[in-house]
file query-v9.cif (mmCIF, N, CA and C atoms)
data_protein
#
loop_
_atom_site.label_atom_id
_atom_site.label_comp_id
_atom_site.auth_asym_id
_atom_site.auth_seq_id
_atom_site.Cartn_x
_atom_site.Cartn_y
_atom_site.Cartn_z
N MET I 1 -8.11 15.39 -18.14
CA MET I 1 -7.70 14.02 -17.87
C MET I 1 -7.10 13.45 -19.16
N THR I 2 -5.96 12.83 -19.01
CA THR I 2 -5.25 12.25 -20.14
C THR I 2 -5.64 10.79 -20.30
N ARG I 3 -5.94 10.38 -21.53
CA ARG I 3 -6.25 8.97 -21.83
C ARG I 3 -5.01 8.35 -22.45
N VAL I 4 -4.61 7.19 -21.93
CA VAL I 4 -3.40 6.52 -22.41
C VAL I 4 -3.69 5.02 -22.52
N ASN I 5 -3.30 4.42 -23.63
CA ASN I 5 -3.41 2.97 -23.76
C ASN I 5 -2.32 2.30 -22.91
N ILE I 6 -2.58 1.09 -22.47
CA ILE I 6 -1.71 0.39 -21.54
C ILE I 6 -0.29 0.26 -22.07
N HIS I 7 -0.14 -0.08 -23.33
CA HIS I 7 1.21 -0.23 -23.90
C HIS I 7 1.98 1.07 -23.81
N GLU I 8 1.35 2.18 -24.12
CA GLU I 8 1.98 3.50 -24.03
C GLU I 8 2.36 3.81 -22.58
N ALA I 9 1.47 3.48 -21.65
CA ALA I 9 1.74 3.74 -20.24
C ALA I 9 2.93 2.92 -19.74
N LYS I 10 3.00 1.65 -20.17
CA LYS I 10 4.13 0.81 -19.76
C LYS I 10 5.43 1.34 -20.33
N THR I 11 5.38 1.79 -21.56
CA THR I 11 6.59 2.27 -22.23
C THR I 11 7.12 3.55 -21.60
N HIS I 12 6.22 4.43 -21.17
CA HIS I 12 6.61 5.75 -20.65
C HIS I 12 6.08 5.97 -19.23
N LEU I 13 6.13 4.93 -18.41
CA LEU I 13 5.53 5.00 -17.08
C LEU I 13 6.10 6.14 -16.24
N SER I 14 7.41 6.32 -16.22
CA SER I 14 7.99 7.36 -15.38
C SER I 14 7.51 8.75 -15.80
N LYS I 15 7.33 8.97 -17.10
CA LYS I 15 6.82 10.26 -17.59
C LYS I 15 5.41 10.51 -17.05
N TYR I 16 4.56 9.49 -17.11
CA TYR I 16 3.19 9.65 -16.64
C TYR I 16 3.12 9.77 -15.12
N LEU I 17 3.99 9.08 -14.41
CA LEU I 17 4.00 9.20 -12.95
C LEU I 17 4.40 10.61 -12.51
N LYS I 18 5.28 11.25 -13.25
CA LYS I 18 5.64 12.64 -12.94
C LYS I 18 4.42 13.54 -13.08
N ARG I 19 3.62 13.30 -14.12
CA ARG I 19 2.41 14.08 -14.31
C ARG I 19 1.41 13.84 -13.19
N VAL I 20 1.30 12.59 -12.76
CA VAL I 20 0.40 12.25 -11.65
C VAL I 20 0.88 12.94 -10.38
N ALA I 21 2.19 12.96 -10.15
CA ALA I 21 2.73 13.62 -8.96
C ALA I 21 2.41 15.11 -8.95
N ARG I 22 2.23 15.70 -10.12
CA ARG I 22 1.88 17.13 -10.20
C ARG I 22 0.37 17.34 -10.04
N GLY I 23 -0.39 16.25 -9.89
CA GLY I 23 -1.83 16.37 -9.64
C GLY I 23 -2.73 15.93 -10.76
N GLU I 24 -2.19 15.49 -11.87
CA GLU I 24 -2.99 15.08 -13.01
C GLU I 24 -3.50 13.65 -12.83
N THR I 25 -4.66 13.36 -13.40
CA THR I 25 -5.21 12.01 -13.40
C THR I 25 -5.03 11.42 -14.79
N ILE I 26 -4.57 10.18 -14.84
CA ILE I 26 -4.35 9.47 -16.10
C ILE I 26 -5.39 8.35 -16.20
N LEU I 27 -6.08 8.30 -17.33
CA LEU I 27 -7.07 7.25 -17.57
C LEU I 27 -6.43 6.18 -18.42
N LEU I 28 -6.27 4.96 -17.87
CA LEU I 28 -5.67 3.85 -18.61
C LEU I 28 -6.74 3.15 -19.44
N CYS I 29 -6.41 2.90 -20.69
CA CYS I 29 -7.36 2.26 -21.60
C CYS I 29 -6.76 0.99 -22.18
N LYS I 30 -7.63 0.05 -22.49
CA LYS I 30 -7.25 -1.17 -23.21
C LYS I 30 -8.02 -1.13 -24.52
N ARG I 31 -7.29 -0.97 -25.62
CA ARG I 31 -7.91 -0.80 -26.94
C ARG I 31 -8.92 0.35 -26.93
N ASN I 32 -8.48 1.46 -26.33
CA ASN I 32 -9.25 2.71 -26.24
C ASN I 32 -10.51 2.61 -25.37
N VAL I 33 -10.63 1.54 -24.57
CA VAL I 33 -11.74 1.41 -23.64
C VAL I 33 -11.18 1.62 -22.23
N PRO I 34 -11.67 2.62 -21.48
CA PRO I 34 -11.14 2.89 -20.14
C PRO I 34 -11.29 1.69 -19.22
N VAL I 35 -10.19 1.38 -18.49
CA VAL I 35 -10.22 0.27 -17.54
C VAL I 35 -9.75 0.68 -16.15
N ALA I 36 -8.99 1.76 -16.02
CA ALA I 36 -8.48 2.14 -14.70
C ALA I 36 -8.03 3.60 -14.73
N GLU I 37 -7.87 4.14 -13.53
CA GLU I 37 -7.35 5.48 -13.36
C GLU I 37 -6.08 5.44 -12.54
N ILE I 38 -5.14 6.29 -12.88
CA ILE I 38 -3.98 6.52 -12.01
C ILE I 38 -4.13 7.96 -11.55
N ARG I 39 -4.25 8.16 -10.25
CA ARG I 39 -4.43 9.51 -9.74
C ARG I 39 -3.61 9.70 -8.48
N PRO I 40 -3.31 10.94 -8.15
CA PRO I 40 -2.49 11.18 -6.96
C PRO I 40 -3.27 10.80 -5.70
N ILE I 41 -2.53 10.38 -4.69
CA ILE I 41 -3.16 10.08 -3.40
C ILE I 41 -2.91 11.27 -2.48
N ALA I 42 -3.82 11.45 -1.55
CA ALA I 42 -3.70 12.56 -0.60
C ALA I 42 -2.51 12.30 0.33
N GLN I 43 -1.73 13.31 0.54
CA GLN I 43 -0.58 13.20 1.43
C GLN I 43 -0.97 13.73 2.81
N ASN I 44 -0.52 13.04 3.85
CA ASN I 44 -0.77 13.52 5.21
C ASN I 44 0.00 14.82 5.41
N ALA I 45 -0.65 15.78 6.01
CA ALA I 45 -0.02 17.08 6.22
C ALA I 45 1.14 16.98 7.21
N LYS I 46 0.99 16.14 8.24
CA LYS I 46 2.06 15.99 9.22
C LYS I 46 2.10 14.54 9.69
N PRO I 47 3.26 14.08 10.10
CA PRO I 47 3.36 12.69 10.57
C PRO I 47 2.58 12.49 11.86
N ARG I 48 2.10 11.26 12.03
CA ARG I 48 1.37 10.93 13.25
C ARG I 48 2.32 10.88 14.43
N PRO I 49 1.91 11.43 15.56
CA PRO I 49 2.78 11.38 16.74
C PRO I 49 2.84 9.97 17.33
N ILE I 50 3.96 9.66 17.97
CA ILE I 50 4.14 8.36 18.60
C ILE I 50 3.43 8.37 19.95
N GLY I 51 2.82 7.25 20.29
CA GLY I 51 2.21 7.10 21.61
C GLY I 51 0.76 7.52 21.67
N LEU I 52 0.04 7.51 20.57
CA LEU I 52 -1.36 7.93 20.58
C LEU I 52 -2.24 7.04 21.46
N ALA I 53 -1.89 5.76 21.59
CA ALA I 53 -2.72 4.82 22.35
C ALA I 53 -2.16 4.57 23.75
N LYS I 54 -1.25 5.42 24.19
CA LYS I 54 -0.64 5.21 25.51
C LYS I 54 -1.73 5.17 26.58
N GLY I 55 -1.69 4.10 27.40
CA GLY I 55 -2.66 3.94 28.47
C GLY I 55 -3.97 3.31 28.03
N GLU I 56 -4.13 3.01 26.75
CA GLU I 56 -5.37 2.42 26.23
C GLU I 56 -5.45 0.92 26.47
N PHE I 57 -4.30 0.25 26.55
CA PHE I 57 -4.29 -1.20 26.76
C PHE I 57 -3.02 -1.58 27.50
N GLU I 58 -3.03 -2.80 28.01
CA GLU I 58 -1.88 -3.31 28.75
C GLU I 58 -1.51 -4.68 28.17
N VAL I 59 -0.23 -4.89 27.92
CA VAL I 59 0.24 -6.17 27.41
C VAL I 59 0.26 -7.16 28.58
N PRO I 60 -0.47 -8.30 28.47
CA PRO I 60 -0.49 -9.25 29.56
C PRO I 60 0.87 -9.94 29.73
N LYS I 61 1.16 -10.39 30.94
CA LYS I 61 2.44 -11.05 31.22
C LYS I 61 2.61 -12.32 30.38
N GLU I 62 1.50 -13.01 30.06
CA GLU I 62 1.56 -14.25 29.28
C GLU I 62 2.10 -14.00 27.86
N PHE I 63 2.05 -12.77 27.41
CA PHE I 63 2.53 -12.45 26.07
C PHE I 63 3.99 -12.85 25.89
N TYR I 64 4.77 -12.76 26.95
CA TYR I 64 6.20 -13.04 26.89
C TYR I 64 6.55 -14.49 27.18
N ASP I 65 5.55 -15.33 27.48
CA ASP I 65 5.80 -16.75 27.72
C ASP I 65 6.23 -17.43 26.42
N PRO I 66 7.06 -18.48 26.53
CA PRO I 66 7.46 -19.22 25.31
C PRO I 66 6.23 -19.85 24.64
N LEU I 67 6.29 -19.96 23.33
CA LEU I 67 5.19 -20.59 22.60
C LEU I 67 5.23 -22.09 22.79
N PRO I 68 4.07 -22.75 22.76
CA PRO I 68 4.05 -24.21 22.85
C PRO I 68 4.78 -24.84 21.66
N GLN I 69 5.38 -25.99 21.88
CA GLN I 69 6.15 -26.67 20.85
C GLN I 69 5.31 -26.94 19.60
N GLU I 70 4.05 -27.30 19.78
CA GLU I 70 3.18 -27.59 18.64
C GLU I 70 3.04 -26.36 17.74
N LEU I 71 2.88 -25.20 18.33
CA LEU I 71 2.77 -23.97 17.55
C LEU I 71 4.09 -23.63 16.86
N LEU I 72 5.20 -23.84 17.53
CA LEU I 72 6.51 -23.61 16.93
C LEU I 72 6.71 -24.53 15.72
N ASP I 73 6.22 -25.78 15.84
CA ASP I 73 6.34 -26.72 14.72
C ASP I 73 5.58 -26.21 13.49
N TYR I 74 4.42 -25.59 13.70
CA TYR I 74 3.67 -25.02 12.59
C TYR I 74 4.45 -23.89 11.92
N PHE I 75 5.05 -23.02 12.73
CA PHE I 75 5.84 -21.90 12.18
C PHE I 75 7.03 -22.41 11.38
N GLU I 76 7.61 -23.53 11.81
CA GLU I 76 8.80 -24.06 11.16
C GLU I 76 8.45 -25.04 10.04
N GLY I 77 7.16 -25.23 9.77
CA GLY I 77 6.74 -26.10 8.68
C GLY I 77 6.89 -27.58 8.97
N LYS I 78 6.93 -27.95 10.24
CA LYS I 78 7.08 -29.35 10.60
C LYS I 78 5.74 -30.07 10.66
N LYS I 79 4.64 -29.35 10.61
CA LYS I 79 3.32 -29.97 10.66
C LYS I 79 2.50 -29.53 9.49
#
call {"tool": "encode", "arguments": {"input": "query-v9.cif", "output": "structure tokens"}}
result
Amino acid sequence: MTRVNIHEAKTHLSKYLKRVARGETILLCKRNVPVAEIRPIAQNAKPRPIGLAKGEFEVPKEFYDPLPQELLDYFEGKK
């Protein structure tokens, strides 16, 4: 694990991100005191298929009704 002070990490961020992408963990320090880690995140092996919840719920007809004027006023910042 590589220890890097924050100023060094800001100055050479792209260099350290390349190392993280290769699987390395970077320990960020403030005045040589560890404060955070930068580590790779797990990548999904395959994309999720579309339609996983098909048939699980039904959109009610009221969903397509116009919104009340009072609610529209809130969205538009009039209230």
call {"tool": "closest_residue", "arguments": {"input": "query-v9.cif", "among": "I:Gln69, I:Asn44, I:Asn5, I:Ser14", "to": "I:Asn32", "atoms": "only C-alpha atoms"}}
result
I:Asn5
call {"tool": "resolve_selection", "arguments": {"input": "query-v9.cif", "expression": "the PyMOL selection byres ((chain I and resi 4) around 7)", "output": "PyMOL selection string"}}
result
chain I and resi 2-3+5-9+26-30
call {"tool": "select_by_dssp", "arguments": {"input": "query-v9.cif", "residues": "chain I", "states": "strand (DSSP E)", "output": "MDAnalysis selection string"}}
result
chainID I and resid 2:5 26:30 33:38
call {"tool": "atom_distance", "arguments": {"input": "query-v9.cif", "atom1": "atom CA of I:Lys18", "atom2": "atom C of I:Val35"}}
result
19.8 Å
call {"tool": "atom_distance", "arguments": {"input": "query-v9.cif", "atom1": "atom CA of I:Tyr16", "atom2": "atom CA of I:Ile38"}}
result
9.1 Å
call {"tool": "atom_distance", "arguments": {"input": "query-v9.cif", "atom1": "atom CA of I:Val20", "atom2": "atom CA of I:Ala45"}}
result
18.5 Å
call {"tool": "resolve_selection", "arguments": {"input": "query-v9.cif", "expression": "the PyMOL selection byres (((chain I and resi 41 and name CA) around 9) and name CA)", "output": "NGL selection string"}}
result
:I and (21 or 23 or 39-40 or 42-43)
call {"tool": "write_last_selection", "arguments": {"input": "query-v9.cif", "atoms": "N, CA and C atoms", "output": "mmCIF file, in the coordinates of the input"}}
result
data_model
loop_
_atom_site.group_PDB
_atom_site.id
_atom_site.type_symbol
_atom_site.label_atom_id
_atom_site.label_comp_id
_atom_site.auth_asym_id
_atom_site.auth_seq_id
_atom_site.Cartn_x
_atom_site.Cartn_y
_atom_site.Cartn_z
ATOM 1 N N ALA I 21 2.190 12.960 -10.150
ATOM 2 C CA ALA I 21 2.730 13.620 -8.960
ATOM 3 C C ALA I 21 2.410 15.110 -8.950
ATOM 4 N N GLY I 23 -0.390 16.250 -9.890
ATOM 5 C CA GLY I 23 -1.830 16.370 -9.640
ATOM 6 C C GLY I 23 -2.730 15.930 -10.760
ATOM 7 N N ARG I 39 -4.250 8.160 -10.250
ATOM 8 C CA ARG I 39 -4.430 9.510 -9.740
ATOM 9 C C ARG I 39 -3.610 9.700 -8.480
ATOM 10 N N PRO I 40 -3.310 10.940 -8.150
ATOM 11 C CA PRO I 40 -2.490 11.180 -6.960
ATOM 12 C C PRO I 40 -3.270 10.800 -5.700
ATOM 13 N N ALA I 42 -3.820 11.450 -1.550
ATOM 14 C CA ALA I 42 -3.700 12.560 -0.600
ATOM 15 C C ALA I 42 -2.510 12.300 0.330
ATOM 16 N N GLN I 43 -1.730 13.310 0.540
ATOM 17 C CA GLN I 43 -0.580 13.200 1.430
ATOM 18 C C GLN I 43 -0.970 13.730 2.810
#
call {"tool": "select_by_dssp", "arguments": {"input": "query-v9.cif", "residues": "chain I", "states": "alpha helix (DSSP H)", "output": "list in words"}}
result
Ile6, His7, Glu8, Ala9, Lys10, Thr11, Leu13, Ser14, Lys15, Tyr16, Leu17, Lys18, Arg19, Val20, Ala21, Gln69, Glu70, Leu71, Leu72, Asp73, Tyr74 and Phe75 of chain I
call {"tool": "decode", "arguments": {"input": "query-v9.cif", "residues": "stretch 34-67 of chain I", "atoms": "N, CA and C atoms", "output": "PDB file, in the first residue's frame"}}
result
ATOM      1  N   PRO I  34      -2.676   9.099   8.312  1.00  0.00           N
ATOM      2  CA  PRO I  34      -3.662   8.551   7.375  1.00  0.00           C
ATOM      3  C   PRO I  34      -5.063   9.090   7.651  1.00  0.00           C
ATOM      4  N   VAL I  35      -5.745   9.512   6.556  1.00  0.00           N
ATOM      5  CA  VAL I  35      -7.111  10.019   6.689  1.00  0.00           C
ATOM      6  C   VAL I  35      -8.088   9.320   5.751  1.00  0.00           C
ATOM      7  N   ALA I  36      -7.612   8.700   4.675  1.00  0.00           N
ATOM      8  CA  ALA I  36      -8.530   8.073   3.722  1.00  0.00           C
ATOM      9  C   ALA I  36      -7.771   7.078   2.851  1.00  0.00           C
ATOM     10  N   GLU I  37      -8.541   6.230   2.199  1.00  0.00           N
ATOM     11  CA  GLU I  37      -7.998   5.278   1.242  1.00  0.00           C
ATOM     12  C   GLU I  37      -8.623   5.512  -0.120  1.00  0.00           C
ATOM     13  N   ILE I  38      -7.835   5.342  -1.149  1.00  0.00           N
ATOM     14  CA  ILE I  38      -8.369   5.287  -2.510  1.00  0.00           C
ATOM     15  C   ILE I  38      -8.098   3.866  -2.974  1.00  0.00           C
ATOM     16  N   ARG I  39      -9.149   3.132  -3.280  1.00  0.00           N
ATOM     17  CA  ARG I  39      -8.965   1.751  -3.700  1.00  0.00           C
ATOM     18  C   ARG I  39      -9.896   1.429  -4.856  1.00  0.00           C
ATOM     19  N   PRO I  40      -9.562   0.415  -5.621  1.00  0.00           N
ATOM     20  CA  PRO I  40     -10.414   0.075  -6.761  1.00  0.00           C
ATOM     21  C   PRO I  40     -11.767  -0.452  -6.281  1.00  0.00           C
ATOM     22  N   ILE I  41     -12.785  -0.207  -7.091  1.00  0.00           N
ATOM     23  CA  ILE I  41     -14.102  -0.748  -6.775  1.00  0.00           C
ATOM     24  C   ILE I  41     -14.322  -1.988  -7.637  1.00  0.00           C
ATOM     25  N   ALA I  42     -15.124  -2.889  -7.130  1.00  0.00           N
ATOM     26  CA  ALA I  42     -15.413  -4.122  -7.863  1.00  0.00           C
ATOM     27  C   ALA I  42     -16.244  -3.796  -9.103  1.00  0.00           C
ATOM     28  N   GLN I  43     -15.864  -4.373 -10.197  1.00  0.00           N
ATOM     29  CA  GLN I  43     -16.593  -4.171 -11.447  1.00  0.00           C
ATOM     30  C   GLN I  43     -17.581  -5.319 -11.642  1.00  0.00           C
ATOM     31  N   ASN I  44     -18.779  -4.991 -12.111  1.00  0.00           N
ATOM     32  CA  ASN I  44     -19.755  -6.038 -12.418  1.00  0.00           C
ATOM     33  C   ASN I  44     -19.239  -6.855 -13.591  1.00  0.00           C
ATOM     34  N   ALA I  45     -19.359  -8.152 -13.475  1.00  0.00           N
ATOM     35  CA  ALA I  45     -18.866  -9.034 -14.530  1.00  0.00           C
ATOM     36  C   ALA I  45     -19.667  -8.874 -15.818  1.00  0.00           C
ATOM     37  N   LYS I  46     -20.983  -8.660 -15.687  1.00  0.00           N
ATOM     38  CA  LYS I  46     -21.817  -8.494 -16.873  1.00  0.00           C
ATOM     39  C   LYS I  46     -22.916  -7.486 -16.567  1.00  0.00           C
ATOM     40  N   PRO I  47     -23.394  -6.795 -17.578  1.00  0.00           N
ATOM     41  CA  PRO I  47     -24.454  -5.809 -17.345  1.00  0.00           C
ATOM     42  C   PRO I  47     -25.754  -6.490 -16.926  1.00  0.00           C
ATOM     43  N   ARG I  48     -26.532  -5.754 -16.136  1.00  0.00           N
ATOM     44  CA  ARG I  48     -27.822  -6.295 -15.698  1.00  0.00           C
ATOM     45  C   ARG I  48     -28.789  -6.327 -16.862  1.00  0.00           C
ATOM     46  N   PRO I  49     -29.549  -7.405 -16.989  1.00  0.00           N
ATOM     47  CA  PRO I  49     -30.521  -7.477 -18.081  1.00  0.00           C
ATOM     48  C   PRO I  49     -31.705  -6.546 -17.835  1.00  0.00           C
ATOM     49  N   ILE I  50     -32.314  -6.085 -18.914  1.00  0.00           N
ATOM     50  CA  ILE I  50     -33.476  -5.206 -18.833  1.00  0.00           C
ATOM     51  C   ILE I  50     -34.714  -6.055 -18.556  1.00  0.00           C
ATOM     52  N   GLY I  51     -35.603  -5.536 -17.740  1.00  0.00           N
ATOM     53  CA  GLY I  51     -36.878  -6.197 -17.494  1.00  0.00           C
ATOM     54  C   GLY I  51     -36.865  -7.173 -16.336  1.00  0.00           C
ATOM     55  N   LEU I  52     -35.970  -7.013 -15.378  1.00  0.00           N
ATOM     56  CA  LEU I  52     -35.904  -7.947 -14.254  1.00  0.00           C
ATOM     57  C   LEU I  52     -37.181  -7.941 -13.408  1.00  0.00           C
ATOM     58  N   ALA I  53     -37.874  -6.807 -13.339  1.00  0.00           N
ATOM     59  CA  ALA I  53     -39.061  -6.700 -12.489  1.00  0.00           C
ATOM     60  C   ALA I  53     -40.353  -6.830 -13.298  1.00  0.00           C
ATOM     61  N   LYS I  54     -40.252  -7.317 -14.526  1.00  0.00           N
ATOM     62  CA  LYS I  54     -41.445  -7.428 -15.362  1.00  0.00           C
ATOM     63  C   LYS I  54     -42.501  -8.281 -14.658  1.00  0.00           C
ATOM     64  N   GLY I  55     -43.725  -7.725 -14.568  1.00  0.00           N
ATOM     65  CA  GLY I  55     -44.821  -8.429 -13.931  1.00  0.00           C
ATOM     66  C   GLY I  55     -44.863  -8.282 -12.418  1.00  0.00           C
ATOM     67  N   GLU I  56     -43.898  -7.590 -11.827  1.00  0.00           N
ATOM     68  CA  GLU I  56     -43.842  -7.420 -10.373  1.00  0.00           C
ATOM     69  C   GLU I  56     -44.777  -6.320  -9.876  1.00  0.00           C
ATOM     70  N   PHE I  57     -45.068  -5.328 -10.720  1.00  0.00           N
ATOM     71  CA  PHE I  57     -45.941  -4.236 -10.311  1.00  0.00           C
ATOM     72  C   PHE I  57     -46.653  -3.694 -11.538  1.00  0.00           C
ATOM     73  N   GLU I  58     -47.685  -2.909 -11.262  1.00  0.00           N
ATOM     74  CA  GLU I  58     -48.471  -2.311 -12.346  1.00  0.00           C
ATOM     75  C   GLU I  58     -48.594  -0.815 -12.073  1.00  0.00           C
ATOM     76  N   VAL I  59     -48.355  -0.009 -13.094  1.00  0.00           N
ATOM     77  CA  VAL I  59     -48.481   1.434 -12.957  1.00  0.00           C
ATOM     78  C   VAL I  59     -49.979   1.774 -12.973  1.00  0.00           C
ATOM     79  N   PRO I  60     -50.490   2.448 -11.911  1.00  0.00           N
ATOM     80  CA  PRO I  60     -51.908   2.777 -11.883  1.00  0.00           C
ATOM     81  C   PRO I  60     -52.259   3.834 -12.930  1.00  0.00           C
ATOM     82  N   LYS I  61     -53.501   3.831 -13.381  1.00  0.00           N
ATOM     83  CA  LYS I  61     -53.952   4.788 -14.394  1.00  0.00           C
ATOM     84  C   LYS I  61     -53.811   6.233 -13.910  1.00  0.00           C
ATOM     85  N   GLU I  62     -53.968   6.461 -12.591  1.00  0.00           N
ATOM     86  CA  GLU I  62     -53.872   7.809 -12.030  1.00  0.00           C
ATOM     87  C   GLU I  62     -52.466   8.403 -12.208  1.00  0.00           C
ATOM     88  N   PHE I  63     -51.484   7.569 -12.443  1.00  0.00           N
ATOM     89  CA  PHE I  63     -50.119   8.043 -12.611  1.00  0.00           C
ATOM     90  C   PHE I  63     -50.021   9.052 -13.754  1.00  0.00           C
ATOM     91  N   TYR I  64     -50.834   8.876 -14.783  1.00  0.00           N
ATOM     92  CA  TYR I  64     -50.786   9.722 -15.971  1.00  0.00           C
ATOM     93  C   TYR I  64     -51.707  10.935 -15.886  1.00  0.00           C
ATOM     94  N   ASP I  65     -52.460  11.081 -14.795  1.00  0.00           N
ATOM     95  CA  ASP I  65     -53.330  12.243 -14.616  1.00  0.00           C
ATOM     96  C   ASP I  65     -52.481  13.501 -14.429  1.00  0.00           C
ATOM     97  N   PRO I  66     -53.002  14.662 -14.866  1.00  0.00           N
ATOM     98  CA  PRO I  66     -52.258  15.919 -14.649  1.00  0.00           C
ATOM     99  C   PRO I  66     -52.087  16.187 -13.153  1.00  0.00           C
ATOM    100  N   LEU I  67     -50.991  16.833 -12.810  1.00  0.00           N
ATOM    101  CA  LEU I  67     -50.756  17.183 -11.413  1.00  0.00           C
ATOM    102  C   LEU I  67     -51.640  18.350 -11.011  1.00  0.00           C
TER     103      LEU I  67
END
